[in-house]
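Shown next, in structure tokens, is the structure this report addresses.
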Amino acid sequence: MAIKFDPDRYFSPEPRQRKAARGLYEGVKDLPLICPHGHVDPKIFADPTYQFTSPTELLVIPDHYVFRMLYSQRVKLDDLGIKPLTDRQKVLSTQDLRKAWQVFADKFHLFRVTPTGIWLTEELVNGFGISEKLSSTNAQLIYDQIAEKLSTNEMSPRQLFERFNIEVLCSTDKATDKLEAHKQILESDWKGQIRPTFRPDLLFGIDKPAWKKEFQELEAVTNRSINSYQAFLIALEERRAFFKQMGAKATDNGVLTPLTLELHENEIESLFQKALRGQASDKDASRFTAHMLVEMARMSVEDGLVMQLHVGSYRNHNAELFKTYGPDMGADIPIAAEFTVNLKPLLDRFGSDPRLTLILFTLDESAYSRELAPLAGHYPAVKLGSPWWFNDSLNGMRRYFDRVMETAGIYNTVGFNDDTRAFPSIPARHELWRRAACDWVAGLLVRNFIDDEDAQVMVYELAYGLAKKTYKFP
Amino acid sequence: MAIKFDPDRYFSPEPRQRKAARGLYEGVKDLPLICPHGHVDPKIFADPTYQFTSPTELLVIPDHYVFRMLYSQRVKLDDLGIKPLTDRQKVLSTQDLRKAWQVFADKFHLFRVTPTGIWLTEELVNGFGISEKLSSTNAQLIYDQIAEKLSTNEMSPRQLFERFNIEVLCSTDKATDKLEAHKQILESDWKGQIRPTFRPDLLFGIDKPAWKKEFQELEAVTNRSINSYQAFLIALEERRAFFKQMGAKATDNGVLTPLTLELHENEIESLFQKALRGQASDKDASRFTAHMLVEMARMSVEDGLVMQLHVGSYRNHNAELFKTYGPDMGADIPIAAEFTVNLKPLLDRFGSDPRLTLILFTLDESAYSRELAPLAGHYPAVKLGSPWWFNDSLNGMRRYFDRVMETAGIYNTVGFNDDTRAFPSIPARHELWRRAACDWVAGLLVRNFIDDEDAQVMVYELAYGLAKKTYKFP
Amino acid sequence: MAIKFDPDRYFSPEPRQRKAARGLYEGVKDLPLICPHGHVDPKIFADPTYQFTSPTELLVIPDHYVFRMLYSQRVKLDDLGIKPLTDRQKVLSTQDLRKAWQVFADKFHLFRVTPTGIWLTEELVNGFGISEKLSSTNAQLIYDQIAEKLSTNEMSPRQLFERFNIEVLCSTDKATDKLEAHKQILESDWKGQIRPTFRPDLLFGIDKPAWKKEFQELEAVTNRSINSYQAFLIALEERRAFFKQMGAKATDNGVLTPLTLELHENEIESLFQKALRGQASDKDASRFTAHMLVEMARMSVEDGLVMQLHVGSYRNHNAELFKTYGPDMGADIPIAAEFTVNLKPLLDRFGSDPRLTLILFTLDESAYSRELAPLAGHYPAVKLGSPWWFNDSLNGMRRYFDRVMETAGIYNTVGFNDDTRAFPSIPARHELWRRAACDWVAGLLVRNFIDDEDAQVMVYELAYGLAKKTYKFP
């Protein structure tokens, strides 16, 4: 069946609002894309000859949004070409890849009304020129069409970066990363802006098995022996300086709760020593992280890097799956988050400091109108990030506009970020945001909240201006 | 004043969406009703000569949705014909019943915009052919009209079951129930599917005065002396087997929180012995129940019964009313519920087991997008139940579609259940759901999210297919 | 740029709904305003010659909604004419005031889509006849226009009270207030109803530095030496009687959580003695307040004053700002609130008492459908207050209608209150509520939930009737 692809898709059916939305969208749809936070691997841009491989490896295997839904309907991960930890080196045959694609196509109806379904459809149509809905029947034919396209030069990451009209794209990198891909890009004659982001989570999780190895890498990369908390701080600061020199504009932390604390120097030293001895408990790690968030704010005040906080994802919730397949298997489940009390220690120190920009992301929408919009609408340092993860759907965006904007105003929000590891989905994600934003602003216009002049400024800011300004991109 | 009963009622006013909704509704309105969870007394079907008595006894006295609203506006329960525990045997005179009906009619405006108001109006119009809005003036006349209708044979439960086009209706029964009404129905020549549901809550509430009696009934009905936790498990399994043999497809638990735990065998035995001695505290009961939920999941894996969990109702919140009138007096008030952490022990064991179907119902809508849709959109075992209790209103359904579907997809939800003890309200409840579902899908259609083909499949699944398949009805 | 001021502003763009909303609005727009809760200073009505001073002092300096938004965008409070505690006596020069106004005008775009922006625009247009959007360019011209208007007699508070068509306006007053302004008004020949409200928060905060002073004022104003908890209760009752005699219809408490407790007489006496000794901790204060709320309910049962509870504002969250500028600096941030368990002790005693009216206000919208509407829809004493603070925006009101009404019904809600200290904003606030209510009811009408007769009754009640009846205004 042919895909119906209406130019007014996702807009209100009400004719006046739809018309206004379309007009506003015309004005922003060709603006460059600002991608201040995401997980695309910078290596694909470092190598000018990089090519995507098969449709399955491009669209199914790396996308935990896709396979978590298939998994929920009792599809086995192995049948999708996803390999257990013990089997990661195994090369998938073309037959394996085609079989996995067939399973995906057989279950494509599961993605109806999901944002994943929207992005995939947009990618198939706009990226690969597919005109039929993916189905059991046409699965292999469409596989061929995509595979052929992937083999051409026009689908190289650098070509796509330009075709997608991306102005800047930030990766997310652990504190000890040597940023070699970023270096290669900087030293190349390719002009694409690919910037790193400093994310030291592994170094804060002092109760985790992974901590030791990352800590040793920190010692190695800074060429220091780190015996004290003070030395640890200095090493972190050095890494931040290196990231900044490599183009970073921001840091990021992913935390279960936004607890912040200023611990006494004795306690923080003692926690650090426990970490060195491999004796830190999860409670220790929680206090250590809470303290480190205040240090991160302090360092941001000093070096000007924007501070991002992603709150409330219970990672690797499915114990068996984690054991067999490792992290990022679509089993990260949100929990409720409390911001007003938890952030107070950090805000008491730096909330009113004009040098700090602290962007908060949440998976708990009940905090939008209750805590986050009021915080962003008061503290000079606080901004509210775009709807995150499960919430970057059309209704998720509508709820965000609905619950945030009247209290925070648009200028205490930061536009959109796609937060994706699926590079080809980037234009579809921004398009959905821009359409949602235009429809929301159009709704305000036809309800006579705002006038045309306001509307045009607002959609420009939401689509482009706010992200660029907040993250201090040149 | 005449009731205006628009064929497009509850649909969006936007002409294109309304037209699409109407078209979709035409396609599902005559599908049979699947009623997988509710509280209609099976006895009314066991006795082929059963007749409903007065309008007051049909529509007011048994419906705690109705009288809680009247009570909130300072109507005395006694004036509605509701008898205190000490007076349950008292027979209401026709005069009492007519007076209570008059009070109800005098206050009928209280039900404006409530789902109760919608259901009552639909029942009066479609069930009894009433054409005037109920009011103080016409109260007694309408009483007469309903009473006359009730005295005819066409209003017998079996006749209505067929007229309502019910394909299957499940009751909810305590673990020790002998299911005699179900047996009579099975042995009769009447072909209506009335299935029991296994609900062992009374046996898990080891701190409650009612526990002892129910436990003794368990010993009696299984003809066992139950001295150990292991013996208790065996007795439960035996009861489940009996329920299954009598047609049950599911179990149910009503719990204040969805806490699950796997206790050490010593602890669970010790809790059980405390229960036997009448010494269990509410904390003991909480841990016991948490452990029993994991056992219930284990048994479901073994015997194939679907597991339902109704979470978050603080029962009998009004102490005085509970003392005087007993339970189910419209004083059950929701509390917040946490699923992500609480369900982990159960999900770690059985969340990915394809033999388990665990349906979650909540009264805490803030968990829809934050916890429940992500859980249902990942775990093979988890499905999300329809909007429950206070939330099975038109806006409650809209919020459910809005917040759940983009993340869970419709196939991790289970369609509708009416969860009512008011048998005559069943068609109205399903009609409201079907209209709400069609309007939601129509909204997606006119926003070009989905095409006509998708839309038709979706409304069929929401109205009929998903419930039938999830509960494994033949 | 000229302000576009559509007569159908804030209504749905859907033509049928818009038309219905307009029709309903015509029927209620000229009803008098009932203002049962707010913070306008009664002194401005006591003095018949009172005049507002400059535009800056009228619209910017006293309005923490306005300056918290400017502050969030790194405007310094001093630049807005807001003086630190150490500098409160300083008189602002006309130049200071004009400079502050210019800053405000330069940043007027920050208020786009916020309710503050709507109120300000309505005030500028309807109150001062301004026809241009405030901007950097026209700031001083508009300053002149407003200043000129303020100098005329028609802008006196009493004149405005009448022009605004206010039927009754309640102030909020601490327990020890001598209500001298109220007395002057009562003794004058001016007929405006200005009623006090009894708010004893300062006397319940036994851990706060301010407690001692307020307690001494209580001793002074009652001319008693208060040595025991019993004596304290008697003093409170005496003050309530005085407030009632001065026209009060209600009390109010602002609390962080709605915890209620009935403490043993020994414990409450001991807490009170600790307070006298200046030794009460914040935990003590929390238990003391929880107990006092039950006492407040008991007193309301006895003297008939309506009891209001404003829950969940973390006051003075910004420590530095509080230290330098004092309270009410736009830094009150909401927290989550739990009602079902916390209110049970109070409701067990008085929830079903027909003599109590307990109106609950929340900043936590997640409690609307989960806890508050079910409580209001059951307990005779409980009513749900209008959307409060950050939530009295257009979308805040829509969420309130959406989530509350189907469960509570409109008759367990209490209409609107403006809760403002900005007297000139009162008509704009009521207008927004009335428009929002009419649009909501129109939506029900065109979806055929209700008929015209219902619709007209409902908008009357929401705009006027419910507030008047609930607060027992004559």
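Chain labels A, B, ... are given in the sequence in which chains occur in the structure tokens; within each chain residues are numbered consecutively from 1, and ligands are likewise numbered from 1 in the order shown.
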
Using only C-alpha atoms, determine which residues of chain B fall within 7 Å of chain C; present them as a PyMOL selection string. chain B and resi 4+6+9-14+68-69+71-74+110-115+318-320+330-331+333-335+363-364+366+390+393+395

Where in region 98-200 of chain B does DSSP assign alpha helix (DSSP H), given as a ChimeraX atom specification? /B:98-106,115-122,128,139-150,157-163,180-187

Using DSSP on the backbone coordinates, identify all residues within region 350-460 of chain C classified as strand (DSSP E); present the result as a PyMOL selection string. chain C and resi 358-362+382-384

Using only C-alpha atoms, determine which residues lie at most 10 Å from Ser93 (chain C), disregarding the query and same-chain residues fewer than 5 positions distant; provide the list as a list in words.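 Selected residues are Gly81, Arg98 and Lys99 of chain C.
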
I'd like the contact shell of region 173-189 of chain C - 12 Å cut-off, only C-alpha atoms, skipping same-chain residues fewer than 3 positions apart - returned as a compact mmCIF listing (two decimals) with N, CA, C and O atoms, in the first residue's frame.
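As a result, result_23.txt now contains:
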```
# COMPACT_ATOMS: atom_id res chain seq x y z
N HIS C 37 -10.55 35.11 47.76
CA HIS C 37 -9.20 34.92 48.32
C HIS C 37 -8.19 35.72 47.54
O HIS C 37 -8.13 35.62 46.31
N GLY C 38 -7.39 36.53 48.25
CA GLY C 38 -6.38 37.32 47.57
C GLY C 38 -5.56 38.11 48.55
O GLY C 38 -5.68 37.94 49.78
N HIS C 39 -4.71 38.95 48.01
CA HIS C 39 -3.74 39.64 48.85
C HIS C 39 -3.67 41.15 48.59
O HIS C 39 -2.64 41.77 48.79
N VAL C 40 -4.77 41.72 48.10
CA VAL C 40 -4.80 43.17 47.91
C VAL C 40 -4.82 43.83 49.29
O VAL C 40 -5.53 43.38 50.20
N ASP C 41 -4.04 44.88 49.44
CA ASP C 41 -3.94 45.56 50.72
C ASP C 41 -5.23 46.37 50.98
O ASP C 41 -5.56 47.27 50.20
N PRO C 42 -5.95 46.07 52.06
CA PRO C 42 -7.22 46.79 52.30
C PRO C 42 -7.03 48.30 52.53
O PRO C 42 -7.98 49.07 52.37
N LYS C 43 -5.81 48.68 52.90
CA LYS C 43 -5.57 50.12 53.16
C LYS C 43 -5.91 50.99 51.96
O LYS C 43 -6.32 52.12 52.11
N ILE C 44 -5.75 50.45 50.76
CA ILE C 44 -5.99 51.30 49.58
C ILE C 44 -7.47 51.65 49.44
O ILE C 44 -7.83 52.60 48.76
N PHE C 45 -8.32 50.87 50.11
CA PHE C 45 -9.75 51.22 50.09
C PHE C 45 -10.16 52.02 51.32
O PHE C 45 -11.17 52.70 51.32
N ALA C 46 -9.36 51.92 52.39
CA ALA C 46 -9.70 52.64 53.62
C ALA C 46 -9.53 54.15 53.43
O ALA C 46 -10.30 54.94 53.96
N ASP C 47 -8.53 54.47 52.66
CA ASP C 47 -8.25 55.90 52.42
C ASP C 47 -8.94 56.34 51.13
O ASP C 47 -8.53 55.96 50.04
N PRO C 48 -10.00 57.17 51.23
CA PRO C 48 -10.76 57.52 50.01
C PRO C 48 -9.95 58.34 49.02
O PRO C 48 -10.33 58.42 47.84
N ARG C 158 -11.18 52.89 45.06
CA ARG C 158 -12.63 52.77 45.24
C ARG C 158 -13.36 52.87 43.91
O ARG C 158 -14.30 52.13 43.62
N LEU C 169 -14.53 41.45 47.98
CA LEU C 169 -13.10 41.18 47.87
C LEU C 169 -12.56 40.87 49.26
O LEU C 169 -12.75 41.65 50.19
N CYS C 170 -11.90 39.71 49.38
CA CYS C 170 -11.34 39.32 50.68
C CYS C 170 -9.84 39.53 50.70
O CYS C 170 -9.14 39.15 49.75
N GLY C 192 -18.44 49.30 49.50
CA GLY C 192 -17.67 48.15 48.99
C GLY C 192 -17.45 47.08 50.05
O GLY C 192 -17.07 47.40 51.17
N GLN C 193 -17.70 45.83 49.69
CA GLN C 193 -17.47 44.72 50.64
C GLN C 193 -16.00 44.30 50.60
O GLN C 193 -15.57 43.67 49.65
N ILE C 194 -15.26 44.64 51.62
CA ILE C 194 -13.87 44.20 51.76
C ILE C 194 -13.80 43.37 53.04
O ILE C 194 -13.99 43.92 54.14
N ARG C 195 -13.58 42.08 52.92
CA ARG C 195 -13.64 41.20 54.09
C ARG C 195 -12.25 40.64 54.43
O ARG C 195 -11.49 40.31 53.53
N PRO C 196 -11.97 40.51 55.73
CA PRO C 196 -10.69 39.91 56.10
C PRO C 196 -10.76 38.38 56.03
O PRO C 196 -11.84 37.80 55.99
N THR C 197 -9.59 37.74 56.02
CA THR C 197 -9.47 36.29 56.13
C THR C 197 -8.45 35.97 57.20
O THR C 197 -7.37 36.58 57.23
N PHE C 198 -8.77 35.03 58.04
CA PHE C 198 -7.95 34.68 59.20
C PHE C 198 -6.86 33.71 58.78
O PHE C 198 -7.13 32.56 58.46
N ARG C 199 -5.60 34.16 58.78
CA ARG C 199 -4.49 33.28 58.39
C ARG C 199 -3.41 33.23 59.47
O ARG C 199 -2.55 34.11 59.55
N PRO C 200 -3.44 32.19 60.30
CA PRO C 200 -2.57 32.14 61.48
C PRO C 200 -1.24 31.45 61.24
O PRO C 200 -0.61 31.00 62.19
N ASP C 201 -0.76 31.37 59.99
CA ASP C 201 0.46 30.61 59.71
C ASP C 201 1.63 30.96 60.61
O ASP C 201 2.36 30.09 61.08
N LEU C 202 1.82 32.27 60.85
CA LEU C 202 2.98 32.69 61.64
C LEU C 202 2.95 32.08 63.04
O LEU C 202 3.99 31.80 63.62
N LEU C 203 1.75 31.86 63.55
CA LEU C 203 1.63 31.30 64.90
C LEU C 203 1.83 29.79 64.93
O LEU C 203 2.03 29.20 65.99
N PHE C 204 1.76 29.15 63.76
CA PHE C 204 1.95 27.70 63.71
C PHE C 204 3.41 27.33 63.42
O PHE C 204 3.83 26.23 63.72
N TRP C 211 8.26 33.53 64.88
CA TRP C 211 7.18 33.07 65.75
C TRP C 211 7.04 33.89 67.02
O TRP C 211 5.96 34.33 67.37
N LYS C 213 7.82 36.92 67.92
CA LYS C 213 7.24 38.26 67.80
C LYS C 213 5.71 38.17 67.59
O LYS C 213 4.94 38.87 68.22
N GLU C 214 5.33 37.26 66.71
CA GLU C 214 3.90 37.13 66.43
C GLU C 214 3.16 36.63 67.67
O GLU C 214 2.04 37.05 67.96
N PHE C 215 3.80 35.72 68.39
CA PHE C 215 3.18 35.21 69.61
C PHE C 215 2.99 36.33 70.63
O PHE C 215 1.94 36.45 71.27
N GLN C 216 4.00 37.18 70.74
CA GLN C 216 3.87 38.31 71.67
C GLN C 216 2.76 39.26 71.23
O GLN C 216 2.01 39.79 72.05
N GLU C 217 2.64 39.42 69.92
CA GLU C 217 1.52 40.25 69.43
C GLU C 217 0.18 39.62 69.76
O GLU C 217 -0.80 40.30 70.04
N LEU C 218 0.14 38.28 69.73
CA LEU C 218 -1.10 37.60 70.09
C LEU C 218 -1.44 37.86 71.56
O LEU C 218 -2.60 38.15 71.90
N GLU C 219 -0.44 37.79 72.41
CA GLU C 219 -0.68 38.10 73.82
C GLU C 219 -1.16 39.54 73.99
O GLU C 219 -2.10 39.81 74.73
N ALA C 220 -0.53 40.41 73.22
CA ALA C 220 -0.90 41.83 73.34
C ALA C 220 -2.32 42.08 72.85
O ALA C 220 -3.14 42.70 73.53
N VAL C 221 -2.62 41.55 71.69
CA VAL C 221 -3.91 41.88 71.08
C VAL C 221 -5.07 41.22 71.82
O VAL C 221 -6.20 41.72 71.81
N THR C 222 -4.80 40.07 72.47
CA THR C 222 -5.87 39.44 73.27
C THR C 222 -5.80 39.86 74.73
O THR C 222 -6.65 39.46 75.53
N ASN C 223 -4.76 40.62 75.03
CA ASN C 223 -4.59 41.08 76.41
C ASN C 223 -4.57 39.90 77.39
O ASN C 223 -5.25 39.89 78.41
N ALA C 235 -7.06 31.89 72.78
CA ALA C 235 -6.68 33.13 72.10
C ALA C 235 -7.00 33.06 70.61
O ALA C 235 -7.51 34.03 70.02
N LEU C 236 -6.71 31.92 70.00
CA LEU C 236 -7.03 31.76 68.57
C LEU C 236 -8.53 31.89 68.34
O LEU C 236 -8.98 32.56 67.40
N GLU C 237 -9.29 31.24 69.19
CA GLU C 237 -10.76 31.29 69.03
C GLU C 237 -11.26 32.72 69.17
O GLU C 237 -12.17 33.14 68.45
N GLU C 238 -10.67 33.43 70.08
CA GLU C 238 -11.06 34.83 70.28
C GLU C 238 -10.76 35.66 69.03
O GLU C 238 -11.57 36.48 68.61
N ARG C 239 -9.57 35.39 68.45
CA ARG C 239 -9.22 36.12 67.23
C ARG C 239 -10.17 35.77 66.09
O ARG C 239 -10.56 36.64 65.31
N ARG C 240 -10.49 34.51 65.97
CA ARG C 240 -11.44 34.10 64.92
C ARG C 240 -12.78 34.82 65.11
O ARG C 240 -13.38 35.30 64.13
N ALA C 241 -13.21 34.89 66.36
CA ALA C 241 -14.49 35.56 66.63
C ALA C 241 -14.42 37.03 66.20
O ALA C 241 -15.36 37.56 65.61
N PHE C 242 -13.26 37.63 66.49
CA PHE C 242 -13.10 39.04 66.09
C PHE C 242 -13.12 39.18 64.57
O PHE C 242 -13.80 40.05 64.02
N PHE C 243 -12.39 38.31 63.88
CA PHE C 243 -12.39 38.36 62.41
C PHE C 243 -13.80 38.17 61.86
O PHE C 243 -14.22 38.86 60.93
N LYS C 244 -14.52 37.25 62.46
CA LYS C 244 -15.88 36.96 61.98
C LYS C 244 -16.76 38.20 62.15
O LYS C 244 -17.52 38.58 61.26
N GLN C 245 -16.60 38.81 63.30
CA GLN C 245 -17.36 40.04 63.58
C GLN C 245 -17.01 41.14 62.58
O GLN C 245 -17.87 41.95 62.21
N MET C 246 -15.77 41.13 62.11
CA MET C 246 -15.34 42.14 61.13
C MET C 246 -15.67 41.71 59.69
O MET C 246 -15.20 42.31 58.74
N GLY C 247 -16.43 40.65 59.55
CA GLY C 247 -16.91 40.29 58.21
C GLY C 247 -16.25 39.09 57.59
O GLY C 247 -16.59 38.68 56.48
N ALA C 248 -15.27 38.47 58.29
CA ALA C 248 -14.57 37.33 57.69
C ALA C 248 -15.53 36.18 57.46
O ALA C 248 -16.45 35.94 58.26
N ALA C 250 -13.90 33.27 56.07
CA ALA C 250 -13.01 32.12 55.87
C ALA C 250 -11.70 32.28 56.61
O ALA C 250 -11.31 33.38 57.02
N THR C 251 -11.02 31.15 56.77
CA THR C 251 -9.65 31.12 57.26
C THR C 251 -8.77 30.57 56.13
O THR C 251 -9.27 30.09 55.12
N ASP C 252 -7.46 30.65 56.33
CA ASP C 252 -6.55 30.10 55.33
C ASP C 252 -5.29 29.61 56.03
O ASP C 252 -4.86 30.18 57.03
N ASN C 253 -4.75 28.52 55.52
CA ASN C 253 -3.41 28.09 55.92
C ASN C 253 -2.60 27.75 54.70
O ASN C 253 -3.08 27.07 53.79
N GLY C 254 -1.36 28.23 54.72
CA GLY C 254 -0.40 27.84 53.70
C GLY C 254 0.55 26.84 54.32
O GLY C 254 1.20 27.14 55.31
```

Using only C-alpha atoms, which residue out of C:Asn165, C:Asn342, C:Ser228, C:Asn391 lies closest to Ile34 (chain C)?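 So, comparing all the options, the nearest one is C:Asn165.
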
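Relative to CA of Val75 (chain B), CA of Thr56 (chain B) is found at 15.3 Å.
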
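Residue nearest Gly385 (chain C), chosen from C:Thr172, C:Ser54, C:Ser313, C:Thr470 and counting only C-alpha atoms: C:Thr470.
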
If we count only C-alpha atoms, what is near Lys323 (chain C) at a cut-off of 10 Å, once residues fewer than 6 positions away on the same chain are taken out, given as a PDB file with C-alpha atoms, in the first residue's frame?
```
ATOM      1  CA  PRO C  84      17.218  45.043  49.272  1.00  0.00           C
ATOM      2  CA  LEU C  85      16.132  44.771  52.906  1.00  0.00           C
ATOM      3  CA  ASN C 316      11.924  31.395  49.621  1.00  0.00           C
TER       4      ASN C 316
END
```

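When CA of Tyr471 (chain C) is paired with CA of Leu24 (chain C), their separation reads 24.4 Å.
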
Quick one: everything within 12 Å of His264 (chain C), counting only C-alpha atoms, minus sequence neighbours fewer than 4 positions away in the same chain. Send it as a ChimeraX atom specification. /C:268-271,287-288,291
